[in-house]
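> Sharing a structure below in structure tokens format, with a few things to ask.
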Amino acid sequence: MSSSAAQDDGRIVRRRKSGDERRREIIQEATRVIAERGFYGASLQEISDGIGITQAGMLRHVKNKNELLLLVLNQFESTNSTTGCLGSLMKKYRQTGEPQFFPLIYRTSVRQALDNPRLTQLYLVLRAEAMDPSHPAHEYFAQRGINSRKDIADTQWNVPQRYRTPKAIVDLYVTMGSALDGLQMRWLGEENFDLEQHWAVCEDFFYPLPEWEGCR
């Protein structure tokens, strides 16, 4: 539908959507299509059909497919609770100087996946595609990894002694993230796969007791 409808004295009065409303609608539909088909498999025609406007009408709000991908990625970052969690922990560390609770990072990722599988699928599909250096999101994912590892290294964590160096904690962070990516792919692709239960098994492996007592 190209406009919203309201009842007024028995007549249907249609309100044209604002540019911001339409752009949000386009980004939402693009997120769905790209999560299902990837950037290469998604078409502007399918996205415009999904919201009931012409492709030409959609291109009045986004210049091209690459710009639309950038908008989708920006939206992903703004709604990514894992990124928000890490940012909050870093801010608290800078304010208080207190070591932060490391396991919360990927526990937040698991919760985010369960609450919004589509965003998780979007991330995994695009990340796999973007291994290609010519992919428009290649630099985004490469820089995202660099930035997150720097953030982890620059924060002090409440962890056992052997992880209290930047290299050790970054190695743990990368290894756990890779494990979670694999579990999320199984969860999205297999029926009756319990992501939460399998992540609890990973935590017992990565955070063994009694070494992690008081840190997990």
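Letters for chains follow the order of the structure tokens (A, B, ...), residue numbers begin at 1 for each chain, and ligand numbers begin at 1 in the order shown.
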Find the residues around Ala142 of chain A up to 12 Å (only C-alpha atoms counted), leave out those fewer than 6 positions away in its own chain, and share them as number ranges by chain.
A: 127-128, 130-133, 135-136, 148-149
> Restrict the selected residues to C-alpha atoms and save them as a compact mmCIF listing (two decimals), in the first residue's frame.

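Written out: again_6.txt:
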# COMPACT_ATOMS: atom_id res chain seq x y z
CA ARG A 127 29.18 -12.02 6.67
CA ALA A 128 29.59 -15.17 4.57
CA ALA A 130 31.37 -10.48 2.36
CA MET A 131 34.38 -12.78 2.39
CA ASP A 132 34.51 -11.74 -1.27
CA PRO A 133 36.72 -8.59 -1.37
CA HIS A 135 31.34 -7.39 -1.91
CA PRO A 136 30.05 -3.94 -0.86
CA SER A 148 35.44 -5.01 18.38
CA ARG A 149 38.79 -6.66 19.15
> What's the 10 Å shell around segment 208-215 of chain A, counting only C-alpha atoms, without same-chain residues fewer than 3 positions away, as a PyMOL selection string?
chain A and resi 100-103+157-162+202-205
> Hey, can you spit out that residue selection with all heavy atoms as a short mmCIF file (atom, residue, chain, number, x, y, z; two decimals), in the first residue's frame?

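Output below, filename again33.cif:
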data_model
loop_
_atom_site.label_atom_id
_atom_site.label_comp_id
_atom_site.auth_asym_id
_atom_site.auth_seq_id
_atom_site.Cartn_x
_atom_site.Cartn_y
_atom_site.Cartn_z
N GLN A 100 34.94 -5.56 34.19
CA GLN A 100 33.58 -5.83 33.75
C GLN A 100 33.33 -7.34 33.57
O GLN A 100 34.25 -8.14 33.53
CB GLN A 100 33.30 -5.08 32.45
CG GLN A 100 33.40 -3.57 32.62
CD GLN A 100 32.43 -3.03 33.66
OE1 GLN A 100 31.22 -3.17 33.51
NE2 GLN A 100 32.96 -2.43 34.72
N PHE A 101 32.05 -7.68 33.45
CA PHE A 101 31.59 -9.07 33.44
C PHE A 101 31.62 -9.61 32.01
O PHE A 101 30.69 -9.40 31.25
CB PHE A 101 30.19 -9.14 34.04
CG PHE A 101 29.68 -10.53 34.30
CD1 PHE A 101 30.34 -11.37 35.17
CD2 PHE A 101 28.52 -10.98 33.69
CE1 PHE A 101 29.87 -12.65 35.43
CE2 PHE A 101 28.04 -12.26 33.92
CZ PHE A 101 28.73 -13.10 34.80
N PHE A 102 32.66 -10.32 31.65
CA PHE A 102 32.89 -10.76 30.28
C PHE A 102 31.79 -11.67 29.72
O PHE A 102 31.37 -11.49 28.57
CB PHE A 102 34.25 -11.45 30.20
CG PHE A 102 34.64 -11.88 28.82
CD1 PHE A 102 35.17 -10.97 27.92
CD2 PHE A 102 34.49 -13.20 28.42
CE1 PHE A 102 35.54 -11.36 26.64
CE2 PHE A 102 34.86 -13.60 27.15
CZ PHE A 102 35.38 -12.68 26.25
N PRO A 103 31.28 -12.67 30.45
CA PRO A 103 30.28 -13.58 29.87
C PRO A 103 29.00 -12.91 29.40
O PRO A 103 28.26 -13.48 28.59
CB PRO A 103 29.98 -14.56 31.02
CG PRO A 103 31.23 -14.55 31.85
CD PRO A 103 31.70 -13.12 31.80
N TRP A 157 38.64 -6.80 32.33
CA TRP A 157 37.56 -7.75 32.56
C TRP A 157 37.80 -8.54 33.84
O TRP A 157 38.93 -8.83 34.21
CB TRP A 157 37.44 -8.71 31.38
CG TRP A 157 37.21 -8.00 30.09
CD1 TRP A 157 38.15 -7.64 29.16
CD2 TRP A 157 35.96 -7.52 29.59
NE1 TRP A 157 37.56 -6.96 28.11
CE2 TRP A 157 36.21 -6.88 28.35
CE3 TRP A 157 34.64 -7.57 30.07
CZ2 TRP A 157 35.21 -6.30 27.59
CZ3 TRP A 157 33.64 -7.01 29.31
CH2 TRP A 157 33.92 -6.37 28.09
N ASN A 158 36.70 -8.91 34.47
CA ASN A 158 36.76 -9.77 35.65
C ASN A 158 36.88 -11.22 35.18
O ASN A 158 35.89 -11.93 35.01
CB ASN A 158 35.50 -9.57 36.50
CG ASN A 158 35.48 -10.48 37.72
OD1 ASN A 158 36.54 -10.90 38.20
ND2 ASN A 158 34.30 -10.79 38.22
N VAL A 159 38.12 -11.64 34.93
CA VAL A 159 38.39 -12.96 34.37
C VAL A 159 39.55 -13.59 35.13
O VAL A 159 40.30 -12.90 35.85
CB VAL A 159 38.75 -12.86 32.87
CG1 VAL A 159 37.54 -12.42 32.05
CG2 VAL A 159 39.92 -11.89 32.64
N PRO A 160 39.74 -14.91 35.01
CA PRO A 160 40.89 -15.54 35.65
C PRO A 160 42.21 -14.93 35.19
O PRO A 160 42.31 -14.33 34.13
CB PRO A 160 40.76 -17.00 35.21
CG PRO A 160 39.30 -17.19 34.96
CD PRO A 160 38.84 -15.89 34.38
N GLN A 161 43.23 -15.13 36.00
CA GLN A 161 44.52 -14.49 35.80
C GLN A 161 45.08 -14.71 34.40
O GLN A 161 45.62 -13.79 33.77
CB GLN A 161 45.53 -15.01 36.84
CG GLN A 161 46.89 -14.33 36.78
CD GLN A 161 46.82 -12.85 37.14
OE1 GLN A 161 46.13 -12.45 38.07
NE2 GLN A 161 47.55 -12.03 36.38
N ARG A 162 44.92 -15.92 33.84
CA ARG A 162 45.56 -16.21 32.56
C ARG A 162 44.95 -15.45 31.38
O ARG A 162 45.51 -15.44 30.28
CB ARG A 162 45.56 -17.70 32.28
CG ARG A 162 44.21 -18.33 32.03
CD ARG A 162 44.40 -19.82 31.80
NE ARG A 162 43.14 -20.56 31.75
CZ ARG A 162 42.81 -21.36 30.74
NH1 ARG A 162 43.62 -21.49 29.70
NH2 ARG A 162 41.69 -22.04 30.77
N CYS A 202 28.79 -24.70 25.90
CA CYS A 202 30.00 -23.95 25.53
C CYS A 202 30.55 -23.16 26.72
O CYS A 202 31.77 -23.11 26.92
CB CYS A 202 29.70 -23.00 24.38
SG CYS A 202 29.62 -23.80 22.77
N GLU A 203 29.66 -22.56 27.48
CA GLU A 203 30.12 -21.79 28.63
C GLU A 203 30.83 -22.69 29.64
O GLU A 203 31.84 -22.30 30.24
CB GLU A 203 28.95 -21.06 29.28
CG GLU A 203 28.44 -19.89 28.47
CD GLU A 203 27.80 -18.82 29.33
OE1 GLU A 203 27.57 -19.06 30.54
OE2 GLU A 203 27.53 -17.72 28.80
N ASP A 204 30.31 -23.89 29.87
CA ASP A 204 30.98 -24.82 30.79
C ASP A 204 32.37 -25.18 30.27
O ASP A 204 33.30 -25.42 31.05
CB ASP A 204 30.15 -26.10 30.95
CG ASP A 204 28.91 -25.87 31.82
OD1 ASP A 204 28.89 -24.89 32.58
OD2 ASP A 204 27.97 -26.68 31.72
N PHE A 205 32.51 -25.22 28.95
CA PHE A 205 33.81 -25.53 28.35
C PHE A 205 34.76 -24.33 28.43
O PHE A 205 35.92 -24.47 28.82
CB PHE A 205 33.62 -25.95 26.89
CG PHE A 205 34.90 -26.29 26.18
CD1 PHE A 205 35.49 -27.53 26.34
CD2 PHE A 205 35.51 -25.35 25.35
CE1 PHE A 205 36.68 -27.83 25.68
CE2 PHE A 205 36.69 -25.65 24.69
CZ PHE A 205 37.28 -26.90 24.86
#
> For Val170 of chain A, find every residue with an atom within 8 Å (counting only C-alpha atoms), except residues of its own chain fewer than 4 positions away, and show them as JSON, numbers by chain.
{"A": [149, 152, 153, 166, 174]}
> From the list A:Pro99, A:Phe76, A:Ser48, A:Tyr40, which residue is nearest Arg164 of chain A when using only C-alpha atoms?
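Looking only at the distances to Arg164 of chain A, the closest residue turns out to be A:Pro99.
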> Which residues of segment 127-182 of chain A come within 12 Å of segment 194-199 of chain A, and for each one, what is the closest pair of atoms and their distance in Å to one decimal, counting only C-alpha atoms, sorted by chain and residue number, as a tab-separated table?

residue	atom	partner	partner_atom	distance
A:Met176	CA	A:Trp199	CA	9.8
A:Gly177	CA	A:Trp199	CA	11.1
A:Ala179	CA	A:Trp199	CA	8.9
A:Leu180	CA	A:Trp199	CA	7.4
A:Asp181	CA	A:Trp199	CA	10.8
A:Gly182	CA	A:Leu195	CA	10.4
> Between A:Asn66, A:Thr165, A:Ser81, A:Asn192, which has the minimum distance to Asn116 of chain A (counting only C-alpha atoms)?
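Comparing A:Asn66, A:Thr165, A:Ser81, A:Asn192 against Asn116 of chain A, the winner is A:Ser81.
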> I need the residues in segment 44-149 of chain A that are helix (DSSP H, G or I) according to DSSP; give them as a PyMOL selection string.
chain A and resi 44-51+55-58+65-78+81-96+104-115+117-129+138-149
> Using DSSP on the backbone coordinates, identify the residues of segment 12-185 of chain A assigned to strand (DSSP E or B); present them as number ranges by chain.
A: 12-16, 100, 157
> Take the residues from that selection and put them in a file with N, CA and C atoms, as a CSV table (one decimal), in the first residue's frame.

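Written out: selection08.csv:
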chain,number,residue,atom,x,y,z
A,12,ILE,N,-13.2,7.1,2.9
A,12,ILE,CA,-11.9,6.6,3.2
A,12,ILE,C,-10.9,7.8,2.8
A,13,VAL,N,-10.2,8.3,3.8
A,13,VAL,CA,-9.2,9.4,3.6
A,13,VAL,C,-7.8,8.8,3.7
A,14,ARG,N,-7.1,8.9,2.6
A,14,ARG,CA,-5.8,8.3,2.6
A,14,ARG,C,-4.7,9.3,2.9
A,15,ARG,N,-3.8,8.9,3.8
A,15,ARG,CA,-2.7,9.8,4.2
A,15,ARG,C,-1.4,9.3,3.5
A,16,ARG,N,-0.8,10.2,2.8
A,16,ARG,CA,0.5,9.8,2.2
A,16,ARG,C,1.6,9.6,3.2
A,100,GLN,N,34.9,-5.6,34.2
A,100,GLN,CA,33.6,-5.8,33.8
A,100,GLN,C,33.3,-7.3,33.6
A,157,TRP,N,38.6,-6.8,32.3
A,157,TRP,CA,37.6,-7.8,32.6
A,157,TRP,C,37.8,-8.5,33.8
> What is the distance between atom CA of Glu25 of chain A and atom CA of Ile51 of chain A, in Å to one decimal?
7.2 Å
> Tell me, as a count of residues only, which residues lie within 12 Å of Arg37 of chain A, counting only C-alpha atoms; anything in the same chain fewer than 2 positions away does not count.
20
> Of the residues A:Gly84, A:Gly145, A:Pro117, A:Gly57, which is the one nearest to Tyr173 of chain A, using only C-alpha atoms?
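Going through A:Gly84, A:Gly145, A:Pro117, A:Gly57 one by one, the smallest distance to Tyr173 of chain A is for A:Gly145.
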> Report, in Å to a single decimal, how far apart atom CA of Thr82 of chain A and atom CA of Ile27 of chain A are.
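Rounded to one decimal, the two atoms are 20.5 Å apart.
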